[in-house]
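*Asks:* Here it is, the structure in full.
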Amino acid sequence: GAVVSQHPSRVICKSGTSVKIECRSLDFQATTMFWYRQFPKKSLMLMATSNEGSKATYEQGVEKDKFLINHASLTLSTLTVTSAHPEDSSFYICSAGTPGANVLTFGAGSRLTVL
Amino acid sequence: QQQVKQSPQSLIVQKGGISIINCAYENTAFDYFPWYQQFPGKGPALLIAIRPDVSEKKEGRFTISFNKSAKQFSLHIMDSQPGDSATYFCAASLGGTSYGKLTFGQGTILTVHP
């Protein structure tokens, strides 16, 4: 089945630094990937849609300058949290659709803790 | 219009029992209704999904019941097992090129006692 890999699974950083999270589709090509955010014991919220070769589209209320998304290849999308602050601490999860099936596969998530 | 409301917030079931989780939506344009299972510290995994032209779908111990007129759908887990203890999310999307833009319910924490 389709596999989506995320790295790192956990990251701790100091306030003011930037953190990059990678999302890879391992056995298929994904022209579109989706980034979600999940607070503890809460639901998932869509942040943005990552499009290969073009700009990401962000959901209302998501700061595009804070959360930089790059989708440089058909198997890799990256999310960079810039100038991170403690309120950015969260579980970030990416997902990609299996071509032709429109079934979404999620990665294992990346837990960001900003001190 | 984009909300998906899920209940109950938590559910305790004895091993072998039936677990039932309900969801209601408002946007009649939603075209795809998946259920996800999530274990602590992991990403959600697709359990089963349904489209509005079908009233019921069964896969193993998992069944989705869909009521288009009431704008409700539910997940039934038959013969619940301790390994089913997890958080369950219903979701909905517009389908087509927007299939990946899921609106999630609030989640249900299921505990199955041995």
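Residues are named by chain letter and number: chains run A, B, ... in the order of the structure tokens, numbers start at 1 in each chain, and ligands are numbered from 1 in the order shown.
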Near Gln6 in chain B, counting only C-alpha atoms, which residues have an atom at most 10 Å away, once you skip same-chain residues fewer than 6 positions from it, shown as a list in words?
*Replies:* Ile21, Asn22, Cys23, Ala24, Tyr25, Gln72, Phe73, Ser74, Tyr88, Phe89, Cys90, Ala91, Phe104, Gly105, Gln106, Gly107 and Thr108 of chain B
*Asks:* Show me, as an MDAnalysis selection string, the residues that have an atom within 8 Å of range 43-52 of chain B when counting only C-alpha atoms, minus same-chain residues fewer than 4 positions from it.
*Replies:* (chainID A and resid 93 104:109) or (chainID B and resid 31:39 56:57 59 62:64 66 68)
*Asks:* Write the residues of the selection above to a file with C-alpha atoms, as a PDB file, in the first residue's frame.
*Replies:*
```
ATOM      1  CA  ILE A  93       0.931  15.650   9.895  1.00  0.00           C
ATOM      2  CA  LEU A 104      -5.543   9.953   1.465  1.00  0.00           C
ATOM      3  CA  THR A 105      -2.615   8.358   3.283  1.00  0.00           C
ATOM      4  CA  PHE A 106      -1.220  10.139   6.308  1.00  0.00           C
ATOM      5  CA  GLY A 107       2.320  10.203   7.563  1.00  0.00           C
ATOM      6  CA  ALA A 108       3.159   9.315  11.158  1.00  0.00           C
ATOM      7  CA  GLY A 109       3.389  12.970  12.117  1.00  0.00           C
TER       8      GLY A 109
ATOM      9  CA  ASP B  31     -19.032  13.949  -1.364  1.00  0.00           C
ATOM     10  CA  TYR B  32     -16.633  11.736   0.553  1.00  0.00           C
ATOM     11  CA  PHE B  33     -16.929  10.511   4.137  1.00  0.00           C
ATOM     12  CA  PRO B  34     -13.967   8.584   5.594  1.00  0.00           C
ATOM     13  CA  TRP B  35     -13.344   7.291   9.087  1.00  0.00           C
ATOM     14  CA  TYR B  36      -9.848   7.326  10.542  1.00  0.00           C
ATOM     15  CA  GLN B  37      -8.284   5.510  13.484  1.00  0.00           C
ATOM     16  CA  GLN B  38      -5.451   7.178  15.363  1.00  0.00           C
ATOM     17  CA  PHE B  39      -3.185   5.729  18.027  1.00  0.00           C
ATOM     18  CA  GLU B  56     -24.157   1.277   4.019  1.00  0.00           C
ATOM     19  CA  LYS B  57     -20.678  -0.130   3.563  1.00  0.00           C
ATOM     20  CA  GLU B  59     -15.499  -4.030   5.674  1.00  0.00           C
ATOM     21  CA  PHE B  62     -16.378  -2.077  10.498  1.00  0.00           C
ATOM     22  CA  THR B  63     -19.604  -0.731   9.005  1.00  0.00           C
ATOM     23  CA  ILE B  64     -20.532   2.775   7.924  1.00  0.00           C
ATOM     24  CA  PHE B  66     -25.064   6.783   5.874  1.00  0.00           C
ATOM     25  CA  LYS B  68     -28.191  11.443   3.325  1.00  0.00           C
TER      26      LYS B  68
END
```
*Asks:* Should the cut-off be 10 Å, what would the residue list for chain A against chain B look like, counting only C-alpha atoms, as a count of residues only?
*Replies:* 37
*Asks:* Find the residues around Leu74 in chain A up to 10 Å (only C-alpha atoms counted), leave out those fewer than 5 positions away in its own chain, and share them as a PDB file with all heavy atoms, in the first residue's frame.
*Replies:*
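Saved file result_15.pdb follows:
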```pdb
ATOM      1  N   ARG A  24       7.577  12.639   2.602  1.00  0.00           N
ATOM      2  CA  ARG A  24       7.908  11.920   1.376  1.00  0.00           C
ATOM      3  C   ARG A  24       6.880  10.838   1.065  1.00  0.00           C
ATOM      4  O   ARG A  24       6.461  10.097   1.957  1.00  0.00           O
ATOM      5  CB  ARG A  24       9.273  11.248   1.501  1.00  0.00           C
ATOM      6  CG  ARG A  24      10.437  12.199   1.633  1.00  0.00           C
ATOM      7  CD  ARG A  24      11.773  11.457   1.736  1.00  0.00           C
ATOM      8  NE  ARG A  24      12.870  12.387   1.951  1.00  0.00           N
ATOM      9  CZ  ARG A  24      13.529  13.002   0.987  1.00  0.00           C
ATOM     10  NH1 ARG A  24      13.212  12.773  -0.280  1.00  0.00           N
ATOM     11  NH2 ARG A  24      14.510  13.831   1.269  1.00  0.00           N
ATOM     12  N   SER A  25       6.519  10.749  -0.196  1.00  0.00           N
ATOM     13  CA  SER A  25       5.721   9.606  -0.647  1.00  0.00           C
ATOM     14  C   SER A  25       6.729   8.556  -1.116  1.00  0.00           C
ATOM     15  O   SER A  25       7.537   8.813  -2.001  1.00  0.00           O
ATOM     16  CB  SER A  25       4.773  10.022  -1.773  1.00  0.00           C
ATOM     17  OG  SER A  25       5.468  10.614  -2.845  1.00  0.00           O
ATOM     18  N   PHE A  28       5.070   6.095  -4.429  1.00  0.00           N
ATOM     19  CA  PHE A  28       4.207   6.663  -5.455  1.00  0.00           C
ATOM     20  C   PHE A  28       4.532   8.151  -5.596  1.00  0.00           C
ATOM     21  O   PHE A  28       5.170   8.746  -4.737  1.00  0.00           O
ATOM     22  CB  PHE A  28       2.723   6.472  -5.114  1.00  0.00           C
ATOM     23  CG  PHE A  28       2.270   7.198  -3.869  1.00  0.00           C
ATOM     24  CD1 PHE A  28       1.582   8.403  -3.952  1.00  0.00           C
ATOM     25  CD2 PHE A  28       2.545   6.687  -2.605  1.00  0.00           C
ATOM     26  CE1 PHE A  28       1.168   9.069  -2.808  1.00  0.00           C
ATOM     27  CE2 PHE A  28       2.136   7.346  -1.452  1.00  0.00           C
ATOM     28  CZ  PHE A  28       1.446   8.540  -1.562  1.00  0.00           C
ATOM     29  N   GLN A  29       4.095   8.703  -6.690  1.00  0.00           N
ATOM     30  CA  GLN A  29       4.317  10.128  -6.927  1.00  0.00           C
ATOM     31  C   GLN A  29       3.079  10.913  -6.519  1.00  0.00           C
ATOM     32  O   GLN A  29       1.956  10.502  -6.815  1.00  0.00           O
ATOM     33  CB  GLN A  29       4.640  10.363  -8.403  1.00  0.00           C
ATOM     34  CG  GLN A  29       5.967   9.741  -8.822  1.00  0.00           C
ATOM     35  CD  GLN A  29       6.308  10.028 -10.273  1.00  0.00           C
ATOM     36  OE1 GLN A  29       5.419  10.196 -11.102  1.00  0.00           O
ATOM     37  NE2 GLN A  29       7.591  10.092 -10.583  1.00  0.00           N
ATOM     38  N   ALA A  30       3.298  12.012  -5.836  1.00  0.00           N
ATOM     39  CA  ALA A  30       2.189  12.809  -5.329  1.00  0.00           C
ATOM     40  C   ALA A  30       2.314  14.246  -5.817  1.00  0.00           C
ATOM     41  O   ALA A  30       3.176  14.990  -5.354  1.00  0.00           O
ATOM     42  CB  ALA A  30       2.164  12.772  -3.803  1.00  0.00           C
ATOM     43  N   THR A  31       1.472  14.626  -6.752  1.00  0.00           N
ATOM     44  CA  THR A  31       1.511  16.007  -7.225  1.00  0.00           C
ATOM     45  C   THR A  31       0.931  16.944  -6.178  1.00  0.00           C
ATOM     46  O   THR A  31       1.215  18.137  -6.190  1.00  0.00           O
ATOM     47  CB  THR A  31       0.708  16.154  -8.528  1.00  0.00           C
ATOM     48  OG1 THR A  31      -0.619  15.667  -8.303  1.00  0.00           O
ATOM     49  CG2 THR A  31       1.340  15.357  -9.647  1.00  0.00           C
ATOM     50  N   THR A  32       0.136  16.388  -5.292  1.00  0.00           N
ATOM     51  CA  THR A  32      -0.475  17.201  -4.246  1.00  0.00           C
ATOM     52  C   THR A  32      -0.299  16.529  -2.898  1.00  0.00           C
ATOM     53  O   THR A  32      -0.529  15.326  -2.770  1.00  0.00           O
ATOM     54  CB  THR A  32      -1.981  17.407  -4.508  1.00  0.00           C
ATOM     55  OG1 THR A  32      -2.160  17.970  -5.800  1.00  0.00           O
ATOM     56  CG2 THR A  32      -2.587  18.348  -3.475  1.00  0.00           C
ATOM     57  N   MET A  33       0.125  17.292  -1.924  1.00  0.00           N
ATOM     58  CA  MET A  33       0.209  16.813  -0.546  1.00  0.00           C
ATOM     59  C   MET A  33      -0.522  17.822   0.341  1.00  0.00           C
ATOM     60  O   MET A  33      -0.683  18.978  -0.031  1.00  0.00           O
ATOM     61  CB  MET A  33       1.665  16.658  -0.097  1.00  0.00           C
ATOM     62  CG  MET A  33       2.403  15.545  -0.825  1.00  0.00           C
ATOM     63  SD  MET A  33       4.080  15.332  -0.172  1.00  0.00           S
ATOM     64  CE  MET A  33       4.639  13.925  -1.108  1.00  0.00           C
ATOM     65  N   ASN A  51       1.399  21.943  -3.677  1.00  0.00           N
ATOM     66  CA  ASN A  51       1.307  21.574  -5.084  1.00  0.00           C
ATOM     67  C   ASN A  51       2.695  21.515  -5.710  1.00  0.00           C
ATOM     68  O   ASN A  51       3.445  22.491  -5.648  1.00  0.00           O
ATOM     69  CB  ASN A  51       0.448  22.597  -5.838  1.00  0.00           C
ATOM     70  CG  ASN A  51      -0.917  22.768  -5.226  1.00  0.00           C
ATOM     71  OD1 ASN A  51      -1.721  21.849  -5.206  1.00  0.00           O
ATOM     72  ND2 ASN A  51      -1.191  23.954  -4.702  1.00  0.00           N
ATOM     73  N   GLU A  52       3.021  20.386  -6.323  1.00  0.00           N
ATOM     74  CA  GLU A  52       4.329  20.213  -6.935  1.00  0.00           C
ATOM     75  C   GLU A  52       4.545  21.234  -8.034  1.00  0.00           C
ATOM     76  O   GLU A  52       3.715  21.383  -8.928  1.00  0.00           O
ATOM     77  CB  GLU A  52       4.466  18.795  -7.494  1.00  0.00           C
ATOM     78  CG  GLU A  52       5.859  18.449  -7.975  1.00  0.00           C
ATOM     79  CD  GLU A  52       6.061  18.745  -9.449  1.00  0.00           C
ATOM     80  OE1 GLU A  52       5.068  18.763 -10.191  1.00  0.00           O
ATOM     81  OE2 GLU A  52       7.226  18.942  -9.841  1.00  0.00           O
ATOM     82  N   GLY A  53       5.623  21.976  -7.926  1.00  0.00           N
ATOM     83  CA  GLY A  53       5.985  22.924  -8.957  1.00  0.00           C
ATOM     84  C   GLY A  53       5.261  24.251  -8.912  1.00  0.00           C
ATOM     85  O   GLY A  53       5.472  25.101  -9.784  1.00  0.00           O
TER      86      GLY A  53
END
```
*Asks:* Among chain A, which ones does DSSP assign to strand (DSSP E) (computed from the backbone)? Answer as a PyMOL selection string.
*Replies:* chain A and resi 4-7+10-13+19-25+32-38+44-51+57-58+67-73+76-81+90-98+103-106+110-114
*Asks:* Using the chain letters and numbers from this document, which residues of chain B does DSSP assign to helix (DSSP H, G or I), as a ChimeraX atom specification?
*Replies:* /B:82-84,96-98
*Asks:* To one decimal place in Å, what is the distance between CA of Val62 in chain A and CA of Asp88 in chain A?
*Replies:*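 Value for the CA of Val62 in chain A-CA of Asp88 in chain A distance: 11.6 Å.
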*Asks:* List as a PyMOL selection string the protein and nucleic acid residues near Asp27 in chain A, meaning an atom at most 9 Å away when only C-alpha atoms are counted, but skip any in the same chain fewer than 2 places from it.
*Replies:* chain A and resi 1-4+25+29+75
*Asks:* Need the shell around Ser89 in chain A: protein/DNA/RNA residues with any atom at most 9 Å away, counting only C-alpha atoms. Skip same-chain ones fewer than 5 positions apart. Format as a short mmCIF file (atom, residue, chain, number, x, y, z; two decimals) with C-alpha atoms, in the first residue's frame?
*Replies:*
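Contents of result-v4.cif, freshly written:
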```
data_model
loop_
_atom_site.label_atom_id
_atom_site.label_comp_id
_atom_site.auth_asym_id
_atom_site.auth_seq_id
_atom_site.Cartn_x
_atom_site.Cartn_y
_atom_site.Cartn_z
CA PHE A 39 -3.18 20.12 19.05
CA ALA A 84 9.10 29.39 15.91
CA ARG A 111 5.84 16.55 17.07
CA LEU A 112 7.31 20.04 17.37
CA THR A 113 8.12 21.47 20.78
CA VAL A 114 9.31 25.06 20.93
CA LEU A 115 10.99 26.05 24.18
#
```
*Asks:* In Å, with one decimal, what is the gap from CA of Glu26 in chain B to CA of Leu11 in chain B?
*Replies:*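 According to the coordinates, CA of Glu26 in chain B and CA of Leu11 in chain B are separated by 24.0 Å.
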*Asks:* Pick from B:Val54, B:Leu75, B:Leu94, B:Ala29: nearest to Pro8 in chain B, with only C-alpha atoms counted?
*Replies:*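 Of B:Val54, B:Leu75, B:Leu94, B:Ala29, the one nearest Pro8 in chain B, counting only C-alpha atoms, is B:Leu75.
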